[in-house]
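See below for coords_36.cif, which holds mmCIF, C-alpha atoms and all ligand atoms.
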data_my_file
#
loop_
_atom_site.label_atom_id
_atom_site.label_comp_id
_atom_site.auth_asym_id
_atom_site.auth_seq_id
_atom_site.Cartn_x
_atom_site.Cartn_y
_atom_site.Cartn_z
CA MET A 2 0.00 0.00 0.00
CA THR A 3 1.31 3.46 -0.89
CA PRO A 4 1.47 5.71 2.17
CA LYS A 5 -0.48 8.90 1.77
CA THR A 6 -0.80 11.98 3.87
CA SER A 7 -3.90 12.32 5.93
CA THR A 8 -5.21 14.74 8.47
CA THR A 9 -5.96 13.48 11.95
CA PRO A 10 -9.68 13.68 12.66
CA ALA A 11 -10.66 16.19 15.28
CA GLY A 12 -12.19 15.09 18.56
CA PRO A 13 -10.90 14.95 22.09
CA ILE A 14 -11.15 11.22 22.78
CA GLU A 15 -8.61 8.74 21.48
CA ASN A 16 -10.17 5.33 20.96
CA GLY A 17 -8.25 2.07 21.28
CA ILE A 18 -7.43 -0.04 18.24
CA SER A 19 -5.93 -3.51 18.42
CA PHE A 20 -5.11 -6.52 16.25
CA ASP A 21 -4.93 -10.11 17.44
CA VAL A 22 -2.08 -11.51 15.33
CA GLU A 23 -2.92 -15.14 14.63
CA GLU A 24 -3.38 -17.27 11.51
CA TYR A 25 -6.77 -17.90 9.90
CA PHE A 26 -6.51 -21.51 11.09
CA HIS A 27 -6.29 -20.45 14.75
CA ALA A 28 -9.83 -19.05 14.72
CA LEU A 29 -12.29 -20.99 16.82
CA ASN A 30 -14.60 -21.53 13.86
CA LEU A 31 -11.88 -23.48 12.04
CA ARG A 32 -11.14 -25.94 14.83
CA PRO A 33 -13.15 -28.77 13.28
CA VAL A 34 -10.97 -28.68 10.15
CA ALA A 35 -7.68 -27.35 11.54
CA PRO A 36 -6.56 -29.34 14.60
CA GLU A 37 -3.46 -28.09 16.40
CA ALA A 38 -1.38 -31.03 15.16
CA ALA A 39 -1.91 -29.85 11.57
CA TRP A 40 -0.98 -26.18 12.06
CA ASP A 41 2.73 -26.52 11.22
CA GLY A 42 1.83 -28.00 7.83
CA MET A 43 -0.57 -25.23 6.87
CA GLN A 44 0.07 -22.18 4.72
CA ARG A 45 0.98 -19.16 6.86
CA ARG A 46 -0.40 -15.82 5.73
CA THR A 47 -0.62 -13.49 8.70
CA ALA A 48 2.81 -11.85 8.27
CA THR A 49 1.92 -10.36 4.90
CA THR A 50 -1.45 -9.04 6.05
CA THR A 51 -0.07 -7.72 9.35
CA ARG A 52 2.59 -5.71 7.50
CA GLU A 53 -0.06 -4.34 5.12
CA LEU A 54 -2.18 -3.28 8.09
CA ALA A 55 0.81 -1.54 9.66
CA ASP A 56 1.23 0.37 6.37
CA GLN A 57 -2.46 1.33 6.38
CA LEU A 58 -2.17 2.60 9.97
CA ALA A 59 1.03 4.50 9.11
CA ALA A 60 -0.76 6.35 6.32
CA HIS A 61 -3.02 7.79 9.03
CA GLY A 62 -0.26 8.29 11.59
CA VAL A 63 -2.00 5.80 13.88
CA LYS A 64 -0.27 3.49 16.36
CA SER A 65 -2.05 0.36 17.53
CA THR A 66 -1.66 -2.55 19.91
CA PHE A 67 -0.76 -5.88 18.26
CA PHE A 68 -1.50 -8.87 20.51
CA PHE A 69 0.74 -11.64 19.21
CA LEU A 70 -0.15 -15.27 19.62
CA GLY A 71 2.96 -17.01 20.98
CA TRP A 72 2.62 -19.66 18.26
CA VAL A 73 3.07 -16.95 15.61
CA ALA A 74 5.80 -15.04 17.45
CA ALA A 75 7.92 -18.17 17.97
CA ARG A 76 7.85 -18.87 14.20
CA ASP A 77 8.30 -15.32 12.97
CA ARG A 78 10.35 -13.23 15.36
CA ALA A 79 11.12 -10.78 12.54
CA LEU A 80 7.43 -9.91 12.25
CA VAL A 81 7.19 -9.00 15.94
CA LYS A 82 10.41 -6.97 15.63
CA ALA A 83 9.13 -5.10 12.58
CA ILE A 84 5.79 -4.18 14.16
CA HIS A 85 7.52 -3.04 17.35
CA ALA A 86 10.10 -1.06 15.36
CA ALA A 87 7.25 0.70 13.55
CA GLY A 88 6.22 2.14 16.90
CA HIS A 89 3.29 -0.12 17.77
CA GLU A 90 2.62 -1.61 21.17
CA ILE A 91 3.15 -5.36 21.54
CA GLY A 92 0.76 -7.36 23.74
CA SER A 93 0.25 -11.06 24.41
CA HIS A 94 -2.53 -13.21 22.96
CA GLY A 95 -1.38 -16.33 24.85
CA VAL A 96 0.33 -19.23 23.10
CA SER A 97 -2.02 -21.97 21.89
CA HIS A 98 -5.24 -20.01 21.24
CA ARG A 99 -7.10 -22.28 23.65
CA MET A 100 -9.69 -20.35 25.62
CA ALA A 101 -8.94 -19.45 29.25
CA ASP A 102 -11.72 -21.74 30.51
CA GLU A 103 -10.34 -24.66 28.49
CA LEU A 104 -6.81 -24.08 29.79
CA GLY A 105 -7.70 -23.78 33.47
CA ALA A 106 -5.68 -21.70 35.92
CA ASP A 107 -2.33 -23.51 35.70
CA ALA A 108 -2.04 -23.76 31.91
CA PHE A 109 -3.43 -20.23 31.55
CA ARG A 110 -0.62 -19.05 33.82
CA ASP A 111 1.99 -20.99 31.83
CA GLU A 112 0.84 -19.35 28.60
CA ALA A 113 0.60 -15.85 30.10
CA ARG A 114 4.14 -16.23 31.45
CA SER A 115 5.86 -17.86 28.47
CA SER A 116 4.28 -15.61 25.83
CA LYS A 117 5.30 -12.49 27.79
CA ALA A 118 8.87 -13.79 28.16
CA LEU A 119 9.06 -14.64 24.45
CA LEU A 120 7.77 -11.26 23.26
CA GLU A 121 10.02 -9.37 25.68
CA ASP A 122 13.00 -11.42 24.49
CA ILE A 123 12.23 -10.50 20.87
CA THR A 124 11.67 -6.76 21.36
CA GLY A 125 13.68 -6.00 24.50
CA ALA A 126 10.67 -4.05 25.79
CA PRO A 127 8.24 -4.92 28.58
CA VAL A 128 4.83 -6.40 27.68
CA HIS A 129 2.06 -5.01 29.90
CA GLY A 130 -1.16 -5.97 28.09
CA PHE A 131 -3.02 -9.24 27.50
CA ARG A 132 -5.92 -10.43 25.39
CA ALA A 133 -7.30 -13.92 25.97
CA SER A 134 -8.35 -16.11 23.07
CA THR A 135 -11.97 -15.54 22.05
CA PHE A 136 -12.67 -13.00 24.84
CA SER A 137 -12.62 -15.90 27.30
CA ILE A 138 -12.18 -13.89 30.50
CA GLY A 139 -15.47 -13.67 32.36
CA PRO A 140 -17.62 -15.52 34.86
CA ARG A 141 -16.21 -18.92 33.81
CA THR A 142 -12.62 -17.84 34.52
CA PRO A 143 -12.58 -16.13 37.94
CA PHE A 144 -8.87 -16.93 38.26
CA ALA A 145 -7.72 -15.14 35.13
CA LEU A 146 -7.22 -11.51 36.14
CA GLU A 147 -5.50 -12.46 39.38
CA VAL A 148 -3.10 -14.70 37.45
CA LEU A 149 -2.34 -11.87 35.02
CA VAL A 150 -1.45 -9.53 37.90
CA GLU A 151 0.82 -12.19 39.40
CA GLU A 152 2.54 -12.65 36.06
CA GLY A 153 3.31 -8.93 35.76
CA TYR A 154 0.57 -7.65 33.45
CA ARG A 155 -0.79 -4.17 34.14
CA TRP A 156 -3.90 -4.37 31.98
CA ASP A 157 -6.14 -6.75 30.06
CA SER A 158 -8.61 -6.34 27.21
CA SER A 159 -10.53 -9.62 27.06
CA VAL A 160 -13.96 -8.98 28.58
CA PHE A 161 -16.80 -8.52 26.10
CA PRO A 162 -19.78 -7.16 28.07
CA VAL A 163 -22.38 -8.88 25.88
CA ARG A 164 -24.53 -12.00 25.83
CA HIS A 165 -23.05 -14.54 23.36
CA ASP A 166 -23.10 -18.32 23.03
CA ARG A 167 -19.34 -18.64 23.54
CA TYR A 168 -18.18 -15.75 25.70
CA GLY A 169 -19.18 -12.51 27.35
CA ASP A 170 -20.39 -10.98 30.60
CA PRO A 171 -23.29 -8.58 30.02
CA THR A 172 -23.10 -7.41 33.64
CA PHE A 173 -19.50 -6.15 33.31
CA SER A 174 -18.56 -2.46 32.96
CA ARG A 175 -18.76 -1.13 29.40
CA VAL A 176 -15.97 1.39 30.05
CA PRO A 177 -12.38 1.00 31.34
CA VAL A 178 -12.36 -0.09 34.94
CA VAL A 179 -9.81 -1.02 37.61
CA VAL A 180 -10.49 -4.52 38.91
CA ARG A 181 -9.28 -5.40 42.40
CA THR A 182 -7.89 -8.92 42.63
CA PRO A 183 -6.28 -10.66 45.65
CA ALA A 184 -2.92 -10.08 43.92
CA GLY A 185 -3.53 -6.38 43.28
CA PRO A 186 -5.33 -4.11 40.82
CA ILE A 187 -5.48 -4.55 37.04
CA VAL A 188 -7.11 -2.34 34.43
CA GLU A 189 -9.71 -4.02 32.24
CA LEU A 190 -10.51 -2.44 28.87
CA PRO A 191 -13.79 -4.03 27.74
CA LEU A 192 -14.52 -4.35 24.01
CA LEU A 193 -16.79 -1.72 22.49
CA THR A 194 -20.54 -2.12 22.89
CA TRP A 195 -23.50 0.05 21.95
CA ARG A 196 -26.33 0.44 24.44
CA VAL A 197 -29.63 -0.03 22.62
CA LEU A 198 -33.01 -0.60 24.28
CA GLY A 199 -31.38 -1.62 27.53
CA GLN A 200 -29.09 -4.20 25.89
CA ASN A 201 -25.36 -4.16 25.14
CA VAL A 202 -24.92 -4.66 21.40
CA PRO A 203 -21.43 -5.82 20.34
CA ALA A 204 -19.78 -3.29 18.03
CA ALA A 205 -16.05 -3.72 18.63
CA GLY A 206 -14.94 -4.64 15.12
CA GLY A 207 -13.89 -8.13 14.11
CA GLY A 208 -16.81 -10.21 12.95
CA TYR A 209 -19.20 -7.41 13.80
CA LEU A 210 -17.36 -5.03 11.50
CA ARG A 211 -17.39 -7.62 8.71
CA LEU A 212 -21.01 -8.66 9.14
CA LEU A 213 -22.69 -5.35 10.00
CA PRO A 214 -22.71 -1.96 8.26
CA VAL A 215 -19.74 0.13 9.40
CA ALA A 216 -22.26 2.80 10.48
CA ILE A 217 -23.13 0.62 13.50
CA VAL A 218 -19.53 0.74 14.73
CA GLU A 219 -19.46 4.50 14.09
CA LYS A 220 -22.66 5.02 16.10
CA ALA A 221 -21.25 2.95 18.95
CA LEU A 222 -17.97 4.89 18.98
CA ARG A 223 -19.82 8.22 18.93
CA ALA A 224 -22.11 7.17 21.77
CA MET A 225 -19.19 5.90 23.86
CA ASN A 226 -17.17 9.06 23.22
CA ALA A 227 -20.22 11.22 24.05
CA ASP A 228 -20.21 9.47 27.43
CA GLY A 229 -16.59 10.55 27.85
CA ALA A 230 -15.07 7.10 27.39
CA PRO A 231 -12.87 5.54 24.69
CA GLY A 232 -14.14 2.67 22.54
CA VAL A 233 -11.88 -0.35 22.14
CA LEU A 234 -11.81 -2.12 18.76
CA TYR A 235 -10.31 -5.50 17.87
CA LEU A 236 -9.49 -6.90 14.45
CA HIS A 237 -7.62 -9.94 13.09
CA PRO A 238 -5.26 -9.89 10.11
CA TRP A 239 -7.13 -12.89 8.61
CA GLU A 240 -10.25 -10.71 8.44
CA PHE A 241 -8.44 -8.64 5.78
CA ASP A 242 -7.37 -11.65 3.70
CA PRO A 243 -9.97 -12.81 1.18
CA GLY A 244 -7.31 -15.01 -0.46
CA GLN A 245 -7.01 -17.37 2.52
CA PRO A 246 -7.63 -21.07 1.85
CA ARG A 247 -11.33 -21.93 2.25
CA LEU A 248 -11.15 -24.71 4.78
CA LEU A 249 -14.82 -24.57 5.78
CA ARG A 250 -17.70 -25.19 3.39
CA GLY A 251 -21.10 -24.01 4.53
CA GLY A 252 -22.65 -23.81 7.97
CA LEU A 253 -22.64 -21.19 10.69
CA GLY A 254 -18.87 -21.41 11.19
CA ALA A 255 -18.16 -20.66 7.52
CA TRP A 256 -20.61 -17.77 7.59
CA ARG A 257 -18.98 -16.34 10.72
CA HIS A 258 -15.45 -16.71 9.34
CA TYR A 259 -15.70 -15.78 5.66
CA SER A 260 -18.45 -13.15 5.47
CA GLY A 261 -17.36 -9.66 4.50
CA LEU A 262 -13.62 -10.33 4.07
CA ARG A 263 -13.42 -8.17 0.95
CA GLY A 264 -14.96 -5.10 2.57
CA THR A 265 -12.99 -4.94 5.82
CA ARG A 266 -10.08 -2.87 4.56
CA ALA A 267 -12.37 -0.10 3.25
CA LYS A 268 -14.35 -0.13 6.48
CA LEU A 269 -11.17 0.27 8.52
CA GLU A 270 -10.07 3.07 6.19
CA ARG A 271 -13.36 4.86 6.83
CA LEU A 272 -13.04 4.53 10.61
CA LEU A 273 -9.42 5.73 10.55
CA GLY A 274 -10.56 8.81 8.64
CA LYS A 275 -13.37 9.65 11.05
CA PHE A 276 -12.11 8.89 14.56
CA ARG A 277 -8.94 9.25 16.61
CA PHE A 278 -7.26 5.95 17.47
CA GLY A 279 -4.24 4.85 19.45
CA PRO A 280 -2.77 1.85 21.29
CA LEU A 281 -4.44 0.44 24.39
CA GLY A 282 -1.58 0.84 26.90
CA PRO A 283 -1.91 4.62 27.34
CA ILE A 284 -5.69 4.26 27.72
CA ALA A 285 -5.12 1.68 30.45
CA GLU A 286 -2.58 3.85 32.26
CA ALA A 287 -4.97 6.83 32.20
CA ALA A 288 -7.75 4.59 33.52
CA ARG A 289 -5.53 3.31 36.31
CA THR A 290 -5.58 6.73 37.95
CA SER A 291 -9.06 7.92 37.04
CA ALA A 292 -11.33 4.94 36.45
CA ARG A 293 -13.92 3.52 38.77
CA MET A 294 -12.71 0.56 40.84
CA VAL A 295 -14.66 -2.71 41.20
ZN ZN A 301 -7.52 -14.84 18.73
#
Hey, can you dump this file as structure tokens for me?
Amino acid sequence: MTPKTSTTPAGPIENGISFDVEEYFHALNLRPVAPEAAWDGMQRRTATTTRELADQLAAHGVKSTFFFLGWVAARDRALVKAIHAAGHEIGSHGVSHRMADELGADAFRDEARSSKALLEDITGAPVHGFRASTFSIGPRTPFALEVLVEEGYRWDSSVFPVRHDRYGDPTFSRVPVVVRTPAGPIVELPLLTWRVLGQNVPAAGGGYLRLLPVAIVEKALRAMNADGAPGVLYLHPWEFDPGQPRLLRGGLGAWRHYSGLRGTRAKLERLLGKFRFGPLGPIAEAARTSARMV
């Protein structure tokens, strides 16, 4: 992509933008056709798309948080180095992409620890932020935030305050909040929701950006910013890659994974032109001193 000059949109609130750097075959929907034992034999595509996304962000002067899956980082240290050298924040997305409730407390701790050590070894910079696979921190994983504090994380962005068949906690704060754990406080940056008719509607990007009109995400960001809070978006490089191998044929999983892949880049471009965005770490540090504590 050719970098171009662009003016930064006006507006006082900087929203959070983040990418979970994993391969298309790590997505939960692809599990039935892409077991972990097969991953090393599969075509890897995320490096190319991740670099293209970094170029797209650079054209807008935007820095982001890139949560690297340990599996990806261990196989492509140069990619982590390049994204860090471009000025982006590096966070951890665990190692195996198993959900926190599948891992249980001990294996979750192992992954939080080893992925942090790996990423810090690659970049030489501390890793403070975490995102669990598939937003799997919530009522089923009461151990998770405490473990993250013990392992040296300062903030997390894994709670989706919505009702969903696989994840979510609709009772959780919709805005950044400091969570007290027995090990100490940690900032939680929940994914963006839009409050409609007394319900939290998911609007944080990802599948929702692919499947819904981009205007929904814009409305949600505007409403959140009008309340004085930043919205937090998540995206995956594979969501910008319509050329990925089609491993699923038909069914809900295929619909969830492949819908809208061709339109995502233009939608992101539109959001970058309309709103201010930045990495999640500074939002978390600001919240640490000013946010409500639960
Ligand atoms: Zn993921």
One decimal, Å: what's the distance from atom CA of A:Leu281 over to atom CA of A:Val218, could you say? 17.9 Å
Contacts to ligand ZN 301 (chain A) at 6 Å cut-off (all atoms listed in the file) as a count of residues only: 3
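Minimum atom-to-atom distance to A:Val128, evaluated using all atoms listed in the file, belongs to A:Gly92 out of A:Gly251, A:Gly92, A:Gly71, A:Pro243.
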Write out as a PDB file with C-alpha atoms, keeping the file's coordinate frame each polymer residue whose atoms come within 12 Å of A:Ser97, counting only C-alpha atoms; drop sequence neighbours fewer than 6 positions from it.
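Written out: part16.pdb:
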ATOM      1  CA  GLU A  23      -2.920 -15.140  14.630  1.00  0.00           C
ATOM      2  CA  GLU A  24      -3.380 -17.270  11.510  1.00  0.00           C
ATOM      3  CA  PHE A  26      -6.510 -21.510  11.090  1.00  0.00           C
ATOM      4  CA  HIS A  27      -6.290 -20.450  14.750  1.00  0.00           C
ATOM      5  CA  ALA A  28      -9.830 -19.050  14.720  1.00  0.00           C
ATOM      6  CA  LEU A  29     -12.290 -20.990  16.820  1.00  0.00           C
ATOM      7  CA  PRO A  36      -6.560 -29.340  14.600  1.00  0.00           C
ATOM      8  CA  GLU A  37      -3.460 -28.090  16.400  1.00  0.00           C
ATOM      9  CA  ALA A  38      -1.380 -31.030  15.160  1.00  0.00           C
ATOM     10  CA  TRP A  40      -0.980 -26.180  12.060  1.00  0.00           C
ATOM     11  CA  PHE A  69       0.740 -11.640  19.210  1.00  0.00           C
ATOM     12  CA  LEU A  70      -0.150 -15.270  19.620  1.00  0.00           C
ATOM     13  CA  GLY A  71       2.960 -17.010  20.980  1.00  0.00           C
ATOM     14  CA  TRP A  72       2.620 -19.660  18.260  1.00  0.00           C
ATOM     15  CA  VAL A  73       3.070 -16.950  15.610  1.00  0.00           C
ATOM     16  CA  ALA A  74       5.800 -15.040  17.450  1.00  0.00           C
ATOM     17  CA  ALA A  75       7.920 -18.170  17.970  1.00  0.00           C
ATOM     18  CA  GLU A 103     -10.340 -24.660  28.490  1.00  0.00           C
ATOM     19  CA  LEU A 104      -6.810 -24.080  29.790  1.00  0.00           C
ATOM     20  CA  ALA A 108      -2.040 -23.760  31.910  1.00  0.00           C
ATOM     21  CA  PHE A 109      -3.430 -20.230  31.550  1.00  0.00           C
ATOM     22  CA  ASP A 111       1.990 -20.990  31.830  1.00  0.00           C
ATOM     23  CA  GLU A 112       0.840 -19.350  28.600  1.00  0.00           C
ATOM     24  CA  ALA A 113       0.600 -15.850  30.100  1.00  0.00           C
ATOM     25  CA  SER A 115       5.860 -17.860  28.470  1.00  0.00           C
ATOM     26  CA  SER A 116       4.280 -15.610  25.830  1.00  0.00           C
ATOM     27  CA  ALA A 133      -7.300 -13.920  25.970  1.00  0.00           C
ATOM     28  CA  SER A 134      -8.350 -16.110  23.070  1.00  0.00           C
ATOM     29  CA  THR A 135     -11.970 -15.540  22.050  1.00  0.00           C
TER      30      THR A 135
END
Coordinates of box centre and edge lengths for stretch 260-265 of chain A, 8 Å on every side, axis-aligned, as AutoDock Vina command-line options:
--center_x -15.7 --center_y -9.0 --center_z 3.4 --size_x 21.5 --size_y 24.2 --size_z 20.9
Name all residues at most 8 Å from A:Arg257 (count all atoms listed in the file; drop same-chain ones fewer than 3 positions away) and give them as a PyMOL selection string. chain A and resi 30+208+253-254+260
Selection near stretch 51-62 of chain A, 12 Å with only C-alpha atoms, sequence-local residues under 5 positions removed, as a PyMOL selection string: chain A and resi 2-10+18-24+45-46+67-69+73+77+79-90+236-242+265-280
All residues 7 Å or closer to A:Leu248, all atoms listed in the file, same chain fewer than 2 positions away omitted, as an NGL selection string: :A and (34 or 246 or 250)
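With atom CA of A:Pro143 on one side and atom CA of A:Val197 on the other, the separation reads 28.0 Å.
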In Å and to one decimal, atom CA of A:Trp195 is distant from atom CA of A:Val163 by 9.8 Å
Show me, as a compact mmCIF listing (two decimals) with C-alpha atoms, in the frame of the given file, the residues that have an atom within 9 Å of A:Asn201 when counting all atoms listed in the file, minus same-chain residues fewer than 3 positions from it.
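Heads up, here's the output in out.txt:
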# COMPACT_ATOMS: atom_id res chain seq x y z
CA PRO A 162 -19.78 -7.16 28.07
CA VAL A 163 -22.38 -8.88 25.88
CA ARG A 164 -24.53 -12.00 25.83
CA PRO A 171 -23.29 -8.58 30.02
CA ARG A 175 -18.76 -1.13 29.40
CA THR A 194 -20.54 -2.12 22.89
CA TRP A 195 -23.50 0.05 21.95
CA ARG A 196 -26.33 0.44 24.44
CA VAL A 197 -29.63 -0.03 22.62
CA LEU A 198 -33.01 -0.60 24.28
Nearest-residue call for A:Ile138, choices A:Tyr209, A:Tyr154, A:Phe161, A:Tyr235, using only C-alpha atoms: A:Phe161
For A:Gly229, the nearest of the candidates A:Arg99, A:Pro177, A:Ser159, A:Tyr168, counting all atoms listed in the file: A:Pro177
Give me the stretch 73-131 of chain A side of the contact with stretch 150-153 of chain A, cut-off 8 Å, one line per residue showing its nearest atom pair and distance in Å at one decimal, counting only C-alpha atoms, sorted by chain and residue number, as CSV.
residue,atom,partner,partner_atom,distance
A:Arg110,CA,A:Glu152,CA,7.5
A:Ala113,CA,A:Glu152,CA,7.0
A:Arg114,CA,A:Glu152,CA,6.1
A:His129,CA,A:Gly153,CA,7.2
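Using only C-alpha atoms, the nearest neighbour of A:Gly17 within the list A:His258, A:Arg263, A:Lys64, A:Arg78 is A:Lys64.
Compared by their closest atoms to A:Lys117, and using all atoms listed in the file, the residues A:Ser93, A:Ser174, A:Asn226, A:Thr66 rank with A:Ser93 nearest.
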Give me the stretch 116-175 of chain A side of the contact with stretch 181-190 of chain A, cut-off 6 Å, one line per residue showing its nearest atom pair and distance in Å at one decimal, counting all atoms listed in the file, sorted by chain and residue number, as a Markdown table.
| residue | atom | partner | partner_atom | distance |
| --- | --- | --- | --- | --- |
| A:Glu147 | CA | A:Thr182 | CA | 5.4 |
| A:Arg155 | CA | A:Ile187 | CA | 5.5 |
| A:Trp156 | CA | A:Val188 | CA | 4.5 |
| A:Asp157 | CA | A:Glu189 | CA | 5.0 |
| A:Ser158 | CA | A:Leu190 | CA | 4.6 |
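Comparing the minimum interatomic distances between A:Arg247 and each of A:Leu262, A:Val178, A:Arg293, A:Ala285, counting all atoms listed in the file, we find that A:Leu262 sits nearest.
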